[in-house]
$ cat structure.cif   # mmCIF, N, CA and C atoms
data_work
loop_
_atom_site.label_atom_id
_atom_site.label_comp_id
_atom_site.auth_asym_id
_atom_site.auth_seq_id
_atom_site.Cartn_x
_atom_site.Cartn_y
_atom_site.Cartn_z
N MET A 1 66.26 79.20 173.37
CA MET A 1 65.73 80.05 172.34
C MET A 1 64.64 80.92 172.95
N PHE A 2 64.60 82.17 172.52
CA PHE A 2 63.65 83.13 173.05
C PHE A 2 63.02 83.87 171.89
N VAL A 3 61.72 83.97 171.86
CA VAL A 3 61.02 84.62 170.76
C VAL A 3 60.26 85.82 171.29
N ILE A 4 60.41 86.95 170.62
CA ILE A 4 59.71 88.18 170.99
C ILE A 4 58.79 88.56 169.84
N PHE A 5 57.56 88.90 170.14
CA PHE A 5 56.62 89.37 169.14
C PHE A 5 56.25 90.81 169.45
N PRO A 6 57.10 91.76 169.04
CA PRO A 6 56.85 93.16 169.41
C PRO A 6 55.67 93.79 168.67
N PHE A 7 55.25 93.17 167.57
CA PHE A 7 54.22 93.79 166.74
C PHE A 7 52.83 93.64 167.31
N GLU A 8 52.57 92.63 168.08
CA GLU A 8 51.20 92.33 168.48
C GLU A 8 50.51 93.53 169.14
N LYS A 9 51.11 94.06 170.14
CA LYS A 9 50.50 95.16 170.88
C LYS A 9 50.49 96.45 170.06
N ASP A 10 51.64 96.85 169.57
CA ASP A 10 51.77 98.13 168.90
C ASP A 10 51.14 98.15 167.50
N PHE A 11 51.48 97.17 166.69
CA PHE A 11 51.03 97.22 165.30
C PHE A 11 49.51 97.12 165.19
N TYR A 12 48.94 96.12 165.82
CA TYR A 12 47.49 95.94 165.69
C TYR A 12 46.71 97.04 166.41
N ALA A 13 47.22 97.52 167.52
CA ALA A 13 46.54 98.60 168.22
C ALA A 13 46.56 99.87 167.39
N ASN A 14 47.70 100.18 166.79
CA ASN A 14 47.83 101.40 166.00
C ASN A 14 47.15 101.27 164.64
N ALA A 15 46.96 100.06 164.16
CA ALA A 15 46.32 99.88 162.85
C ALA A 15 44.89 100.40 162.89
N ASN A 16 44.25 100.34 164.04
CA ASN A 16 42.89 100.86 164.17
C ASN A 16 42.82 102.37 164.00
N LEU A 17 43.95 103.04 164.19
CA LEU A 17 44.00 104.49 164.06
C LEU A 17 44.15 104.95 162.62
N LEU A 18 44.47 104.03 161.73
CA LEU A 18 44.66 104.39 160.33
C LEU A 18 43.32 104.28 159.60
N PRO A 19 42.78 105.39 159.10
CA PRO A 19 41.42 105.40 158.57
C PRO A 19 41.21 104.57 157.31
N ASN A 20 42.22 104.43 156.47
CA ASN A 20 42.03 103.75 155.20
C ASN A 20 42.59 102.33 155.17
N VAL A 21 42.88 101.76 156.33
CA VAL A 21 43.46 100.43 156.39
C VAL A 21 42.43 99.46 156.94
N THR A 22 42.17 98.41 156.17
CA THR A 22 41.21 97.40 156.61
C THR A 22 41.93 96.33 157.43
N LYS A 23 41.15 95.56 158.17
CA LYS A 23 41.73 94.48 158.97
C LYS A 23 42.41 93.46 158.06
N LYS A 24 41.86 93.22 156.89
CA LYS A 24 42.44 92.27 155.95
C LYS A 24 43.82 92.76 155.49
N GLN A 25 43.97 94.06 155.26
CA GLN A 25 45.26 94.61 154.86
C GLN A 25 46.29 94.47 155.99
N VAL A 26 45.84 94.65 157.21
CA VAL A 26 46.74 94.49 158.35
C VAL A 26 47.21 93.05 158.44
N GLN A 27 46.30 92.11 158.26
CA GLN A 27 46.66 90.70 158.34
C GLN A 27 47.54 90.28 157.17
N ALA A 28 47.47 90.98 156.04
CA ALA A 28 48.26 90.64 154.87
C ALA A 28 49.66 91.25 154.93
N LYS A 29 49.96 92.00 155.98
CA LYS A 29 51.27 92.62 156.13
C LYS A 29 52.37 91.57 155.97
N ILE A 30 53.40 91.92 155.25
CA ILE A 30 54.51 90.99 155.08
C ILE A 30 55.24 90.84 156.41
N PHE A 31 55.34 89.62 156.86
CA PHE A 31 55.94 89.31 158.14
C PHE A 31 57.45 89.24 157.98
N GLN A 32 58.18 89.73 158.95
CA GLN A 32 59.63 89.66 158.90
C GLN A 32 60.13 89.00 160.18
N TYR A 33 61.13 88.15 160.01
CA TYR A 33 61.74 87.43 161.12
C TYR A 33 63.16 87.92 161.32
N SER A 34 63.55 88.06 162.56
CA SER A 34 64.94 88.40 162.90
C SER A 34 65.50 87.29 163.77
N PHE A 35 66.66 86.78 163.38
CA PHE A 35 67.40 85.82 164.18
C PHE A 35 68.60 86.57 164.75
N VAL A 36 68.74 86.60 166.06
CA VAL A 36 69.80 87.33 166.73
C VAL A 36 70.72 86.32 167.41
N VAL A 37 72.02 86.38 167.04
CA VAL A 37 72.95 85.34 167.49
C VAL A 37 74.25 85.95 168.01
N PRO A 38 74.44 85.98 169.33
CA PRO A 38 75.75 86.39 169.87
C PRO A 38 76.80 85.33 169.51
N ALA A 39 78.02 85.79 169.22
CA ALA A 39 79.08 84.85 168.82
C ALA A 39 80.39 85.24 169.49
N TYR A 40 80.99 84.28 170.17
CA TYR A 40 82.32 84.47 170.75
C TYR A 40 83.17 83.28 170.35
N ASN A 41 84.16 83.51 169.53
CA ASN A 41 85.04 82.44 169.02
C ASN A 41 84.23 81.31 168.38
N GLU A 42 83.42 81.66 167.42
CA GLU A 42 82.51 80.71 166.77
C GLU A 42 82.78 80.54 165.28
N GLU A 43 84.01 80.77 164.84
CA GLU A 43 84.30 80.72 163.41
C GLU A 43 83.87 79.41 162.75
N ASN A 44 83.94 78.31 163.46
CA ASN A 44 83.56 77.01 162.88
C ASN A 44 82.06 76.77 162.90
N ASN A 45 81.35 77.38 163.84
CA ASN A 45 79.91 77.15 163.96
C ASN A 45 79.07 78.07 163.09
N ILE A 46 79.58 79.24 162.75
CA ILE A 46 78.80 80.21 161.99
C ILE A 46 78.32 79.65 160.65
N PRO A 47 79.18 79.03 159.84
CA PRO A 47 78.69 78.49 158.57
C PRO A 47 77.61 77.42 158.74
N LYS A 48 77.74 76.60 159.78
CA LYS A 48 76.74 75.56 160.04
C LYS A 48 75.39 76.18 160.43
N LEU A 49 75.43 77.16 161.32
CA LEU A 49 74.20 77.82 161.74
C LEU A 49 73.57 78.56 160.56
N TYR A 50 74.38 79.24 159.78
CA TYR A 50 73.88 79.96 158.61
C TYR A 50 73.16 78.99 157.66
N ALA A 51 73.76 77.86 157.38
CA ALA A 51 73.13 76.88 156.49
C ALA A 51 71.79 76.41 157.04
N ARG A 52 71.71 76.21 158.33
CA ARG A 52 70.44 75.77 158.95
C ARG A 52 69.39 76.88 158.88
N ILE A 53 69.79 78.13 159.07
CA ILE A 53 68.84 79.24 159.00
C ILE A 53 68.34 79.41 157.57
N VAL A 54 69.22 79.30 156.59
CA VAL A 54 68.80 79.40 155.18
C VAL A 54 67.81 78.29 154.85
N GLU A 55 68.09 77.10 155.30
CA GLU A 55 67.17 75.96 155.08
C GLU A 55 65.81 76.25 155.71
N LEU A 56 65.82 76.77 156.92
CA LEU A 56 64.58 77.11 157.62
C LEU A 56 63.84 78.24 156.92
N SER A 57 64.58 79.22 156.45
CA SER A 57 63.95 80.40 155.83
C SER A 57 63.15 80.05 154.59
N GLU A 58 63.50 78.97 153.93
CA GLU A 58 62.75 78.54 152.75
C GLU A 58 61.33 78.11 153.12
N LYS A 59 61.11 77.79 154.38
CA LYS A 59 59.79 77.37 154.86
C LYS A 59 59.00 78.52 155.47
N LEU A 60 59.66 79.67 155.67
CA LEU A 60 59.00 80.81 156.29
C LEU A 60 58.20 81.60 155.26
N ASP A 61 57.13 82.17 155.71
CA ASP A 61 56.32 83.04 154.86
C ASP A 61 56.67 84.48 155.20
N GLY A 62 57.69 84.99 154.56
CA GLY A 62 58.10 86.36 154.84
C GLY A 62 59.59 86.54 154.71
N ARG A 63 60.03 87.75 154.96
CA ARG A 63 61.45 88.08 154.88
C ARG A 63 62.13 87.71 156.20
N TRP A 64 63.45 87.68 156.16
CA TRP A 64 64.20 87.35 157.36
C TRP A 64 65.54 88.07 157.35
N GLU A 65 66.07 88.22 158.54
CA GLU A 65 67.42 88.75 158.70
C GLU A 65 68.12 87.93 159.77
N LEU A 66 69.41 87.80 159.62
CA LEU A 66 70.23 87.07 160.58
C LEU A 66 71.28 88.05 161.08
N ILE A 67 71.21 88.36 162.37
CA ILE A 67 72.11 89.34 162.97
C ILE A 67 73.06 88.61 163.93
N PHE A 68 74.33 88.62 163.58
CA PHE A 68 75.36 88.08 164.47
C PHE A 68 75.98 89.23 165.24
N ILE A 69 76.34 88.97 166.49
CA ILE A 69 77.05 89.95 167.29
C ILE A 69 78.38 89.32 167.68
N ASN A 70 79.46 89.85 167.11
CA ASN A 70 80.80 89.37 167.46
C ASN A 70 81.19 90.01 168.79
N ASP A 71 81.26 89.18 169.82
CA ASP A 71 81.49 89.66 171.18
C ASP A 71 82.98 89.61 171.54
N GLY A 72 83.80 90.30 170.74
CA GLY A 72 85.23 90.37 171.03
C GLY A 72 85.98 89.08 170.78
N SER A 73 85.57 88.33 169.79
CA SER A 73 86.22 87.05 169.49
C SER A 73 87.70 87.23 169.20
N ARG A 74 88.48 86.20 169.52
CA ARG A 74 89.92 86.22 169.29
C ARG A 74 90.33 85.31 168.13
N ASP A 75 89.35 84.62 167.55
CA ASP A 75 89.64 83.77 166.40
C ASP A 75 89.22 84.53 165.12
N ASN A 76 88.86 83.83 164.09
CA ASN A 76 88.48 84.46 162.82
C ASN A 76 86.98 84.68 162.67
N THR A 77 86.27 84.79 163.77
CA THR A 77 84.82 85.01 163.73
C THR A 77 84.47 86.24 162.91
N LEU A 78 85.16 87.34 163.14
CA LEU A 78 84.85 88.58 162.43
C LEU A 78 85.05 88.41 160.92
N LYS A 79 86.12 87.77 160.52
CA LYS A 79 86.38 87.54 159.09
C LYS A 79 85.27 86.71 158.46
N VAL A 80 84.85 85.66 159.15
CA VAL A 80 83.76 84.81 158.64
C VAL A 80 82.48 85.63 158.49
N LEU A 81 82.19 86.48 159.46
CA LEU A 81 80.99 87.31 159.41
C LEU A 81 81.06 88.33 158.28
N GLU A 82 82.22 88.93 158.08
CA GLU A 82 82.39 89.89 156.98
C GLU A 82 82.14 89.21 155.63
N GLU A 83 82.70 88.03 155.44
CA GLU A 83 82.53 87.30 154.18
C GLU A 83 81.07 86.89 153.97
N LEU A 84 80.44 86.43 155.03
CA LEU A 84 79.05 85.98 154.94
C LEU A 84 78.11 87.13 154.64
N SER A 85 78.32 88.27 155.29
CA SER A 85 77.43 89.41 155.05
C SER A 85 77.65 90.01 153.66
N ALA A 86 78.86 89.88 153.12
CA ALA A 86 79.12 90.34 151.75
C ALA A 86 78.42 89.45 150.73
N LYS A 87 78.26 88.20 151.08
CA LYS A 87 77.66 87.21 150.18
C LYS A 87 76.13 87.21 150.24
N ASP A 88 75.55 87.51 151.41
CA ASP A 88 74.10 87.42 151.61
C ASP A 88 73.59 88.68 152.30
N LYS A 89 72.70 89.41 151.63
CA LYS A 89 72.18 90.68 152.18
C LYS A 89 71.30 90.47 153.40
N ASN A 90 70.87 89.26 153.67
CA ASN A 90 70.07 88.97 154.86
C ASN A 90 70.91 88.88 156.13
N VAL A 91 72.22 88.76 155.95
CA VAL A 91 73.13 88.61 157.09
C VAL A 91 73.75 89.95 157.44
N LYS A 92 73.64 90.28 158.72
CA LYS A 92 74.23 91.51 159.25
C LYS A 92 75.07 91.12 160.47
N TYR A 93 75.98 91.99 160.83
CA TYR A 93 76.73 91.71 162.05
C TYR A 93 77.07 93.00 162.77
N ILE A 94 77.24 92.85 164.05
CA ILE A 94 77.69 93.93 164.93
C ILE A 94 79.01 93.46 165.51
N ASN A 95 80.02 94.30 165.45
CA ASN A 95 81.33 93.94 166.00
C ASN A 95 81.59 94.75 167.27
N LEU A 96 81.55 94.09 168.41
CA LEU A 96 81.83 94.78 169.67
C LEU A 96 83.34 94.93 169.86
N SER A 97 83.76 96.00 170.47
CA SER A 97 85.19 96.33 170.60
C SER A 97 85.95 95.37 171.51
N ARG A 98 85.23 94.72 172.40
CA ARG A 98 85.85 93.74 173.30
C ARG A 98 84.76 92.77 173.74
N ASN A 99 85.11 91.81 174.57
CA ASN A 99 84.13 90.86 175.08
C ASN A 99 83.33 91.51 176.20
N PHE A 100 82.05 91.77 175.93
CA PHE A 100 81.16 92.37 176.93
C PHE A 100 80.29 91.32 177.61
N GLY A 101 80.26 90.11 177.09
CA GLY A 101 79.45 89.04 177.66
C GLY A 101 78.20 88.78 176.84
N HIS A 102 77.68 87.61 177.04
CA HIS A 102 76.54 87.12 176.25
C HIS A 102 75.33 88.05 176.31
N GLN A 103 74.94 88.47 177.49
CA GLN A 103 73.73 89.28 177.63
C GLN A 103 73.88 90.66 176.98
N ALA A 104 75.04 91.28 177.11
CA ALA A 104 75.27 92.58 176.47
C ALA A 104 75.26 92.43 174.95
N ALA A 105 75.87 91.36 174.45
CA ALA A 105 75.87 91.11 173.01
C ALA A 105 74.44 90.87 172.51
N LEU A 106 73.69 90.10 173.26
CA LEU A 106 72.29 89.85 172.89
C LEU A 106 71.49 91.14 172.87
N ALA A 107 71.68 91.99 173.87
CA ALA A 107 70.97 93.26 173.93
C ALA A 107 71.31 94.14 172.72
N ALA A 108 72.57 94.13 172.30
CA ALA A 108 72.99 94.90 171.13
C ALA A 108 72.26 94.40 169.88
N GLY A 109 72.16 93.10 169.75
CA GLY A 109 71.47 92.52 168.59
C GLY A 109 69.98 92.78 168.61
N LEU A 110 69.37 92.66 169.77
CA LEU A 110 67.93 92.90 169.87
C LEU A 110 67.60 94.35 169.54
N SER A 111 68.49 95.27 169.89
CA SER A 111 68.23 96.68 169.61
C SER A 111 68.29 96.99 168.11
N GLU A 112 68.96 96.17 167.34
CA GLU A 112 69.07 96.38 165.90
C GLU A 112 68.09 95.55 165.08
N ALA A 113 67.43 94.59 165.70
CA ALA A 113 66.51 93.70 164.99
C ALA A 113 65.29 94.46 164.48
N LYS A 114 64.91 94.19 163.25
CA LYS A 114 63.78 94.87 162.62
C LYS A 114 62.56 93.98 162.47
N GLY A 115 62.66 92.73 162.86
CA GLY A 115 61.60 91.75 162.62
C GLY A 115 60.36 91.94 163.45
N ASP A 116 59.27 91.37 162.94
CA ASP A 116 58.03 91.31 163.69
C ASP A 116 58.13 90.23 164.77
N ALA A 117 58.90 89.20 164.46
CA ALA A 117 59.22 88.14 165.43
C ALA A 117 60.74 88.10 165.54
N ILE A 118 61.24 88.12 166.76
CA ILE A 118 62.68 88.11 166.98
C ILE A 118 63.03 86.83 167.74
N VAL A 119 63.96 86.07 167.17
CA VAL A 119 64.37 84.81 167.78
C VAL A 119 65.84 84.92 168.17
N SER A 120 66.13 84.76 169.45
CA SER A 120 67.53 84.74 169.87
C SER A 120 68.00 83.30 169.94
N MET A 121 69.23 83.09 169.50
CA MET A 121 69.79 81.74 169.47
C MET A 121 71.25 81.78 169.88
N ASP A 122 71.74 80.65 170.34
CA ASP A 122 73.17 80.50 170.58
C ASP A 122 73.80 79.99 169.29
N CYS A 123 75.01 80.38 169.05
CA CYS A 123 75.70 80.05 167.80
C CYS A 123 76.12 78.58 167.73
N ASP A 124 76.19 77.92 168.87
CA ASP A 124 76.68 76.54 168.90
C ASP A 124 75.64 75.50 168.51
N LEU A 125 74.47 75.94 168.03
CA LEU A 125 73.37 75.06 167.63
C LEU A 125 72.85 74.21 168.78
N GLN A 126 73.02 74.70 170.00
CA GLN A 126 72.48 74.02 171.18
C GLN A 126 70.97 73.87 171.03
N ASP A 127 70.33 74.93 170.51
CA ASP A 127 68.91 74.89 170.21
C ASP A 127 68.77 74.90 168.69
N PRO A 128 68.10 73.89 168.12
CA PRO A 128 67.98 73.87 166.67
C PRO A 128 67.07 75.01 166.17
N PRO A 129 67.43 75.60 165.02
CA PRO A 129 66.60 76.68 164.47
C PRO A 129 65.19 76.21 164.12
#
$ encode --input "structure.cif" --output "structure tokens"
Amino acid sequence: MFVIFPFEKDFYANANLLPNVTKKQVQAKIFQYSFVVPAYNEENNIPKLYARIVELSEKLDGRWELIFINDGSRDNTLKVLEELSAKDKNVKYINLSRNFGHQAALAAGLSEAKGDAIVSMDCDLQDPP
């Protein structure tokens, strides 16, 4: 698992440039979490991971998004992702045209993540959320 905090440097540094924003308002900013998950032939693991992320999100103070990257799967991964994203607005997916590999899929997901904290995970629940 890898966590990125892109806001620390940019957000707090730039907040000082805003004349009408107090430090308390900056600290009260609604925090958003992004979970980025590359998936290759993971149709059976996606529902399990989703359930664990939803359970975890109930303990988070802020909004969250779950971004799956379908890395050219040959099973029903894409169908599962389409159904899940239709059911839950927090779930998004990127469908790659072929298998580009784990790192390329991860990079695609990281580029789309909007969170203040970005957590990359493997879909197989190797690392618990």
$ atom_distance --input "structure.cif" --atom1 "atom N of Asp88 of chain A" --atom2 "atom C of Pro129 of chain A"
19.9 Å
$ atom_distance --input "structure.cif" --atom1 "atom C of Asp124 of chain A" --atom2 "atom CA of Leu96 of chain A"
20.3 Å
$ resolve_selection --input "structure.cif" --expression "the PyMOL selection byres ((chain A and resi 62-74) around 6.5)" --output "PyMOL selection string"
chain A and resi 30-42+60-61+75-78+90-101+105+109
$ atom_distance --input "structure.cif" --atom1 "atom CA of Leu81 of chain A" --atom2 "atom C of Gly115 of chain A"
21.5 Å
$ select_by_dssp --input "structure.cif" --residues "segment 31-98 of chain A" --states "strand (DSSP E or B)" --output "number ranges by chain"
A: 32-39, 63-70, 91-95
$ residues_around --input "structure.cif" --residues "Asn45 of chain A" --least-positions-apart "6" --cutoff "8 Å" --atoms "all atoms listed in the file" --output "list in words"
Ala51, Cys123, Asp124 and Leu125 of chain A
$ closest_residue --input "structure.cif" --among "A:Leu106, A:Leu84, A:Ile118, A:Ala113" --to "Leu49 of chain A" --atoms "only C-alpha atoms"
A:Leu84
$ axis_aligned_box --input "structure.cif" --around "segment 108-114 of chain A" --padding-each-side "6 Å" --output "lines of an AutoDock Vina configuration file"
center_x = 67.8
center_y = 94.8
center_z = 167.4
size_x = 22.4
size_y = 16.5
size_z = 21.8
